[in-house]
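Here is the structure we will look at.
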Amino acid sequence: MNFKHKYLFLLPGLLVLLAILIFPIGFTVRLSLSSWDSFYPALDFIGIENYVRLFTDDARFWEAFGRLSLLSVTTVFLQYVIGFGLALIVWKEIAFQRFFRVLFLIPMMTTPVIMTVIWRTFFHESLGPVNDILSHFNVAPLWLSSETLSKFTVMIVEVWQWTPFMFLLLLAGLLSLPKEPFLAASIDGAGPIRTFFYVTFPLMAPISIGAIIIRLIEASKIMDTVYVLTSGGPGTATETSSFYIFIKGLREFQFGYSAALSLTYLIIMIISFTIIAKLLVKLMVRGN
Amino acid sequence: MRVLYTSLKYLAVVLWSIFVIAPFLWAVSTSFKDFQSVTNGATYIPWVDFEPNLEGWRALWKSPAQGGVDIVEPFFNSVFVTASGSLISIILGTLAAYALSRFTFKAGFIRNGDITFFFISQRIMPPVVLAIPFFIMLGKFSLLDTLAGLIIVYIVLLMPIAVWIMVDFFNKVPVEIDETALIDGCNPLQVFYKVVLPNSIPGIIVAGMFCMIFGWTDFFFSFILTFTEVQLLPVAIVALNSSITPWWSLSAAALVSVAPLVLVAFIVERYLSKGNLSGALK
């Protein structure tokens, strides 16, 4: 189908988006080639010096990136497994089915920073309920100030917040599956476990891939949670890429350098998502 | 075997429910506490563990000068920015999604798929990448610290979501509907708003809910781009999270800010159970 006014539909949205974005992106590119900081706030031209510094002399950026990869891959994996499990359970008959469906959706409706403020009081090392209960067993884990445990706390909060999103996408997928393959499987006498691995999981593969990629994209932006929960600390133990760029740009006001960080980070992200998407398709579709 | 499976199932559901509810229960309990019952270690049940009072809730509409929090204005700022941003994004996004789903576009090597990807790929951009240029750009147009400036930024945040959901939705609405209407003598513009639009209400509602969720829960842009004149709810509440945190008013404020969207969970579930959501979400 085609008609001459088709641009009337497309262009308003496209132009608005381009108009808002063209300056920020162009400006970031230009900024990354300058040494703009709080001492010298001007757009000079220093070539690729910022990029050289980033690749040769900034271990902290790469550590933050490694930490981010660990955090996002682990949390998205947990969200997928738990979300799929919960979706499978409330997909079939269960007491209070609709109540549980609503309840499992609620965390994704809440504002991450605000719930993180609550989580922070929840995991408070001397006044919070978690350590109060654990004190009966004579342990007092340092949820927020231990290097290893603080990463774990960030993961708990992320899993709480975003498993519902995975749950929603997967449950919507399960509810849209055709009935025939399941009938065929039950006629063939397949039990629940075999039905899952030979019917449900393969049928859900495209939806799973979509959901995992969407979540990975969102998870790669982890920053609000870290900002409120630990401020990247203790030390740099929970610092993610976004948070590091935020510190360089809006705390230390090294605008030029943080622009170079942003662009490098963005390009790494686009490349990794393309690779991850291809890998996931290969992995899950070959499983059939 | 069957009994074991059923009990495991219920165990999993109950455990997860406790995990989901725990922070809310803690916040409800904390919101009725005072300084004493917070700083003397964890307490849980009102009247048993501590004497409840309404200080935390009263603080919500007192001005900061009186030791309050005043989240009334930030609340309505948040409502206004989220609603306007979502509305503009839905209108522009629905139009663009319809075009991308029904018509063919070609410009050099660019095809429909590439344009759709351009829209959706905006979600990959971490907010921090855009924050500094937005800061400078809004400053140039003196839109820093204004509602209008935030709405502009929210369009970038929300339009990709609207386009993503609506392209999928329109792809599932049979083209025959459009064609029949064309044969009946409508022009393509009439086809859109007389035939296609009424049939797309479920998709638009789902897209609208997602825009509302991601708009309402955003923190970073309002944190960077506003200071004193305009404050959104998340920023106002996180500002309480300082060295001496008033846990009681913090909890009360958090519950107020979370409540409106919990209602959205009920709507989403209704759509889910009626099977309308699977058409709009892929």
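Ordering of the structure tokens sets the chain letters (A, B, ...); residue numbers start at 1 within each chain; ligands are numbered from 1 in the order shown.
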
Which residues of chain B sit at most 6 Å from chain A, using only C-alpha atoms? Give each one's shortest atom pair and distance in Å (one decimal place), in chain and ascending residue order, as a tab-separated table.
residue	atom	partner	partner_atom	distance
B:Gly41	CA	A:Leu127	CA	4.6
B:Ala42	CA	A:Leu127	CA	5.1
B:Leu92	CA	A:Gly13	CA	4.6
B:Leu95	CA	A:Phe9	CA	4.8
B:Ala96	CA	A:Leu10	CA	4.1
B:Ala99	CA	A:Leu10	CA	5.5
B:Phe103	CA	A:Asn2	CA	5.4
B:Ile124	CA	A:Ile217	CA	5.8
B:Pro126	CA	A:Lys221	CA	5.4
B:Val129	CA	A:Ser262	CA	5.3
B:Pro133	CA	A:Pro24	CA	4.7
B:Thr217	CA	A:Thr111	CA	4.2
B:Ala254	CA	A:Ile114	CA	5.9
B:Val258	CA	A:Thr110	CA	5.2
B:Leu261	CA	A:Met109	CA	5.5
B:Val262	CA	A:Ile106	CA	5.9
B:Ala265	CA	A:Val102	CA	5.8
B:Phe266	CA	A:Val102	CA	5.9
B:Glu269	CA	A:Val102	CA	5.8
B:Ser278	CA	A:Ala172	CA	4.7

Per DSSP on the backbone, what are the alpha helix (DSSP H) residues of segment 113-277 of chain A, as a ChimeraX atom specification?
/A:113-122,129-134,147-175,180-187,192-195,201-219,224-229,241-246,255-277

Residues at most 12 Å from Ile151 of chain B, counting only C-alpha atoms, excluding those fewer than 3 positions away in the same chain, as number ranges by chain?
A: 20; B: 77-89, 138, 143-148, 154-159, 215-216, 221-222, 225-226, 232

Could you tell me which of A:Phe182, A:Phe123, A:Phe197, A:Tyr51 comes closest to Ile156 of chain A if we count only C-alpha atoms?
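Closest to Ile156 of chain A of all the choices is A:Phe123.
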
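Closest approach to Glu147 of chain A from the set A:Ala237, A:Ala184, A:Val52, A:Leu280 is made by A:Ala237, with distances taken over only C-alpha atoms.
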